[in-house]
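Contents: one structure, followed by commentary.
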Amino acid sequence: MTGHHQTLALLLFSAFVAVTLAITTWVSRKRHGSAEEFYAGGRLFSPLENGFAIAGDYMSAASFLGVTGLIALFGYDGLLYVVGFLVAWLLVLFLVAELVRNCGRFTLADVVAARMSERPVRIATGTSSVTVSVLYLVAQMVGAGSLVALLLGGASQAARAWTVIGVGALMVIYVSLGGMRATTWIQIVKAVLLLAGTVALTVLVLLRFHGDLDRLLLTAAERSGHGEVFLAPGLKYGGSWTARLDFMSLGLALVLGTAGLPHILSRFYTVPTARAARRSVLWSIGLIGGFYLMTIVLGFGAAALVGPEAVRRSNAAGNTAVPLLALDLGGGAGSTGGTVLFAIVAAIAFATILAVVAGITLASSASVAHDLYVSLRRRHAKPRGEVAVARMASVGIGVVAIALGLLARDLNVAFLVGLAFAVSASANLPVLMYSLFWRGFTTRGAVWAVYGGLVPALGLVVLSPVVSGSPDSLFPGLDFQYFPLQNPGLVSIPLGFLAGWLGTVTSAEVPDEAKHAETEVRSLTGAGAV
Amino acid sequence: MRYDDPWYDALASGWGEPTGAGGVPEPRAEPARRAREERAAADVYLEVQRSAAFQEVRRRYRRFVVPGVIVFLAWYVGYVVTATTAPGLMARPVAGAVNVAMLAGLGQFLTTFLLAWAYARHARLRRDRAALDLRWDTQEMTRSVRGGAS
């Protein structure tokens, strides 16, 4: 790539960083330092604002870079991802958003702990929330690394490492200084930028094919070298039964995982009522659905205009398909149009990564301070102390995410996110569903549900071909692969539900009728909600 | 602040009601009294849960949500299973480059939008009013229990 790309992209990206830092300082000047303010932004965002912020949290680098790359490389099998990502929101809308807004204060643990013995439940759900967040963070860091590798023209490992470190440092600044209010505004700005960029690219792709979607699909199929097969499922997940089961596992994780993602759950607390939470989810379903429809066009567009070979040459996992597509749409390498579009897309992708990373860091630092620290350290931690802990926790999480992001840099971003979803669906969803809807659920059931999903999910990943035993694994030299699937969801999600049930029926504790009544009444009416 | 939300009206009118002799309840009650009040408040939730009005709200919620979740999960799982086990069927062409798989995928998008809209409409027309009344009543009851114990 030429120097023009770099300069322009760096300039645009610096502008975004400057704007977001300005937002952060402006917001933090007015902050009160209360937990309400830090974790929930004062709870006074409108459904429209929160809808954009949710969409901003959800439309991550995994969707913009990872999924389009998968579609460009594998055709229809990449499209299966976006369907799962979208359908998942029905579960959030029907069963989670309003009820969680009514029952909780800041985190998932608040909802569960209201009915249970508080300490063990908080430790369990706090641990699983932090785990999910860190996995999700790693995916974003890897995305940042691949982008820079592309921008700087390949093999500069040092530049890649420094990008990951820089992204990590920026997110720590946003979160620790600005809290939820700054993070939300950054999400909104980013969602608008990302949607605008996606719309522009989609229009350009469609113009290139004179609005003929049929021609677009046929060209993509022809260019891919697979013909008709490219437009039907089976290219990536069609071969062996292992591959097919792997996809079913991923599909299940995607649709059930969203409802347990800590950074999505915490967004519902930034609006004043359950009704506002519902309306923000409606906004976000519209925005996310429209965005994913466009990524399908972009993915097939990249296959048709750039070609899977060129995409694979630039990044084996496909993460750079969209920037390459932008380069081509603008007029090709070396042209002014190509340079400008490429720079814009690269800057938007960076902005996306930064914003999502900030959202996740905030949610996980809330889990550390509000759930783990309060339970493990002191009985009566003052709210002010708790916020200080949350600020420090964001630094620690930043360091962990940077380290793991450097380690996992060659994995596909969408695939990494699939793992985070699987852990979320196995460890967070069962305990949330049981405590909202099961009268007889007990403390032991809650603890077992979390660990019974979390431990198998992580254990199966360690034993899977992702970590060892195949040329693409993290440790290609070692072989301790005993579980054939890359995604553990198919096994670990049922195990999470099973463990919760087993823990409940075997415990001697008599479920508290009154507390169940309180949860049920509060969740459906909003009585006593903060 | 969002003033068009009905809850804020309810709250605003709520402050006008007298809440016992002392007005605002004493914030630092001794532990025994606070425990007694917590138990009384718990009884309020049990009472509300058993009331016909609440059961009606819950019934309406469940009668929409349970079939809804079953339908979209079955449709999604069916789609994923068919896509992975019967690629031949999915590859069958319909018109031009569009095949069954493309239609099914777009169908998932369409049903998601439709179900989301239907849920919001159902909640707005059939649940919101009653839930808001219950919220108001419940908070009034808990407040009088807490304030009245002085």
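Residue numbering restarts at 1 in every chain; chains get A, B, ... in the order shown in the structure tokens, and ligands count up from 1 in that same order.
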- [ ] Based on DSSP run over this structure's backbone, return all residues of stretch 292-525 of chain A in helix (DSSP H, G or I), as an MDAnalysis selection string.
- [x] chainID A and resid 292:305 308:314 321:329 336:376 383:407 413:437 443:462 489:506 513:525
- [ ] Report the distance between atom CA of A:Val311 and atom CA of A:Arg223 in Å, rounded to one decimal place.
- [x] 12.1 Å
Task: Pick from A:His516, A:Arg313, A:Arg267, A:Arg181 nearest to chain B, counting only C-alpha atoms - done: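 Between A:His516, A:Arg313, A:Arg267, A:Arg181, the residue approaching chain B most closely is A:His516.
Taking atom CA of A:Gly453 as the reference point, atom CA of A:Leu99 is found at 22.5 Å.
Among A:Gly239, A:Ala349, A:Phe421, A:Met141, the residue with the shortest atom-to-atom distance to A:Ala169, counting only C-alpha atoms, is A:Met141.
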Open item on the list: So that I can check the surroundings of A:Gly41, please list as a PyMOL selection string every protein, DNA and RNA residue that reaches within 7 Å of it, counting only C-alpha atoms and ignoring chain neighbours fewer than 4 positions away.
Closed with: chain A and resi 36-37+180-181+270
With only C-alpha atoms as the counted atoms, please give the residues lying no more than 9 Å from stretch 47-50 of chain B, apart from itself and same-chain residues fewer than 3 positions off, as a short mmCIF file (atom, residue, chain, number, x, y, z; two decimals) with C-alpha atoms, in the first residue's frame.
data_model
loop_
_atom_site.label_atom_id
_atom_site.label_comp_id
_atom_site.auth_asym_id
_atom_site.auth_seq_id
_atom_site.Cartn_x
_atom_site.Cartn_y
_atom_site.Cartn_z
CA ALA A 517 -42.87 -13.28 44.07
CA GLU A 518 -40.84 -10.12 44.31
CA GLU A 520 -41.78 -11.92 39.23
CA VAL A 521 -43.83 -8.88 40.19
CA ALA B 42 -42.23 -9.20 50.98
CA ASP B 43 -45.84 -9.93 51.91
CA VAL B 44 -46.89 -7.10 49.63
CA ALA B 53 -54.77 -8.22 37.97
CA PHE B 54 -51.16 -9.41 38.12
CA GLN B 55 -52.02 -12.91 36.96
CA LEU B 134 -49.81 -2.60 39.14
CA ASP B 137 -50.30 0.06 43.37
CA THR B 138 -47.41 -2.12 44.48
#
Task: Shortest interatomic distance to chain B - which of A:Gly51, A:Gly238, A:Pro465, A:Gly145, counting only C-alpha atoms - done: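 That would be A:Gly238, the residue with the smallest distance to chain B.
The closest residue to chain A, picked from B:Gly96, B:Ala32, B:His122, B:Val145 and counting only C-alpha atoms, is B:Gly96.
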Task: Among the residues A:Ile288, A:Tyr136, A:Ser314, A:Met294, the one that comes closest to A:Val87 [using only C-alpha atoms] - done: A:Ile288
TODO: Could you give me, as a ChimeraX atom specification, the residues within 10 Å of A:Ala61, counting only C-alpha atoms and dropping anything in the same chain fewer than 4 positions from it?
DONE: /A:65-67,139-144,319,348-357,413-414,417
Task: Contacts of A:Gln481 at 12 Å (only C-alpha atoms; same-chain gap of 4+ positions) as a list in words - done: Gly459, Leu460, Val461, Val462, Leu463, Ser464, Pro465, Val466, Val467, Ser468, Gly469, Ser470, Ser473, Leu474, Phe475, Pro476, Gly477, Leu485 and Gln486 of chain A
Take the residues just selected and output them with N, CA and C atoms as a compact mmCIF listing (two decimals), in the first residue's frame.
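Printed below is again_30.txt as written:
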# COMPACT_ATOMS: atom_id res chain seq x y z
N GLY A 459 -13.20 -25.58 28.96
CA GLY A 459 -12.44 -26.82 28.86
C GLY A 459 -12.47 -27.40 27.46
N LEU A 460 -13.66 -27.39 26.84
CA LEU A 460 -13.77 -27.95 25.49
C LEU A 460 -13.01 -27.13 24.48
N VAL A 461 -12.93 -25.80 24.70
CA VAL A 461 -12.13 -24.97 23.78
C VAL A 461 -10.66 -25.35 23.89
N VAL A 462 -10.20 -25.54 25.14
CA VAL A 462 -8.80 -25.91 25.34
C VAL A 462 -8.49 -27.24 24.65
N LEU A 463 -9.46 -28.18 24.71
CA LEU A 463 -9.24 -29.49 24.11
C LEU A 463 -9.57 -29.53 22.63
N SER A 464 -9.98 -28.38 22.04
CA SER A 464 -10.46 -28.38 20.66
C SER A 464 -9.32 -28.12 19.69
N PRO A 465 -9.57 -28.31 18.40
CA PRO A 465 -8.52 -28.03 17.42
C PRO A 465 -8.11 -26.57 17.34
N VAL A 466 -8.86 -25.67 18.02
CA VAL A 466 -8.46 -24.26 18.01
C VAL A 466 -7.12 -24.09 18.72
N VAL A 467 -6.94 -24.83 19.82
CA VAL A 467 -5.76 -24.62 20.64
C VAL A 467 -4.59 -25.50 20.21
N SER A 468 -4.86 -26.75 19.85
CA SER A 468 -3.73 -27.62 19.52
C SER A 468 -4.14 -28.67 18.49
N GLY A 469 -3.16 -29.32 17.92
CA GLY A 469 -3.41 -30.51 17.12
C GLY A 469 -3.70 -30.29 15.66
N SER A 470 -3.73 -29.03 15.18
CA SER A 470 -3.89 -28.83 13.75
C SER A 470 -2.99 -27.66 13.33
N SER A 473 -3.83 -24.11 14.64
CA SER A 473 -4.12 -23.85 16.06
C SER A 473 -3.16 -22.84 16.66
N LEU A 474 -3.51 -22.46 17.89
CA LEU A 474 -2.67 -21.51 18.62
C LEU A 474 -1.29 -22.10 18.87
N PHE A 475 -1.27 -23.40 19.25
CA PHE A 475 -0.01 -24.09 19.49
C PHE A 475 0.09 -25.25 18.51
N PRO A 476 0.50 -24.98 17.28
CA PRO A 476 0.48 -26.05 16.28
C PRO A 476 1.45 -27.18 16.63
N GLY A 477 2.44 -26.90 17.46
CA GLY A 477 3.42 -27.94 17.77
C GLY A 477 2.92 -28.99 18.75
N LEU A 485 -14.97 -30.46 17.88
CA LEU A 485 -15.62 -29.24 17.39
C LEU A 485 -14.83 -28.00 17.80
N GLN A 486 -14.88 -26.97 16.94
CA GLN A 486 -14.23 -25.71 17.29
C GLN A 486 -15.08 -24.91 18.26
Task: From B:Pro67, B:Pro31, B:Pro87, B:Gly107, residue lying nearest chain A [only C-alpha atoms] - done: B:Pro87
Task: Shell of 10 Å around B:Ala83, only C-alpha atoms, local chain residues under 2 positions omitted, as a list of chain:residue names - done: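 Near neighbours after the sequence-gap exclusion: A:Tyr76, A:Asp77, A:Leu80, A:Ala232, A:Pro233, A:Gly234, A:Tyr237, A:Gly238, A:Arg244, A:Phe247, A:Met248, B:Val77, B:Gly78, B:Tyr79, B:Val80, B:Val81, B:Thr85, B:Ala86, B:Pro87, B:Gly88, B:Leu89, B:Met90, B:Ala91, B:Val100, B:Ala101, B:Ala104, B:Gly105.
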Limited to C-alpha atoms, could you put the picked residues into a file as an mmCIF file, in the first residue's frame?
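File result_24.cif, as written:
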data_model
loop_
_atom_site.group_PDB
_atom_site.id
_atom_site.type_symbol
_atom_site.label_atom_id
_atom_site.label_comp_id
_atom_site.auth_asym_id
_atom_site.auth_seq_id
_atom_site.Cartn_x
_atom_site.Cartn_y
_atom_site.Cartn_z
ATOM 1 C CA TYR A 76 -23.393 -18.622 1.810
ATOM 2 C CA ASP A 77 -21.781 -20.203 4.877
ATOM 3 C CA LEU A 80 -25.347 -18.125 8.225
ATOM 4 C CA ALA A 232 -25.586 -22.485 -1.181
ATOM 5 C CA PRO A 233 -24.563 -23.731 2.263
ATOM 6 C CA GLY A 234 -21.861 -26.353 2.608
ATOM 7 C CA TYR A 237 -19.350 -26.428 7.036
ATOM 8 C CA GLY A 238 -20.574 -29.024 4.545
ATOM 9 C CA ARG A 244 -21.678 -29.821 10.178
ATOM 10 C CA PHE A 247 -21.818 -25.220 12.520
ATOM 11 C CA MET A 248 -24.930 -26.278 14.428
ATOM 12 C CA VAL B 77 -32.939 -24.282 14.350
ATOM 13 C CA GLY B 78 -34.803 -25.850 11.431
ATOM 14 C CA TYR B 79 -33.043 -23.441 9.102
ATOM 15 C CA VAL B 80 -29.581 -24.175 10.502
ATOM 16 C CA VAL B 81 -30.129 -27.940 10.540
ATOM 17 C CA THR B 85 -27.692 -31.508 6.545
ATOM 18 C CA ALA B 86 -29.548 -30.913 3.275
ATOM 19 C CA PRO B 87 -27.445 -28.534 1.176
ATOM 20 C CA GLY B 88 -28.935 -30.104 -1.956
ATOM 21 C CA LEU B 89 -32.385 -28.885 -1.039
ATOM 22 C CA MET B 90 -31.072 -25.457 -0.119
ATOM 23 C CA ALA B 91 -29.154 -25.165 -3.394
ATOM 24 C CA VAL B 100 -33.937 -21.770 -1.616
ATOM 25 C CA ALA B 101 -31.096 -20.966 0.800
ATOM 26 C CA ALA B 104 -34.741 -18.895 3.681
ATOM 27 C CA GLY B 105 -32.031 -16.526 4.905
#
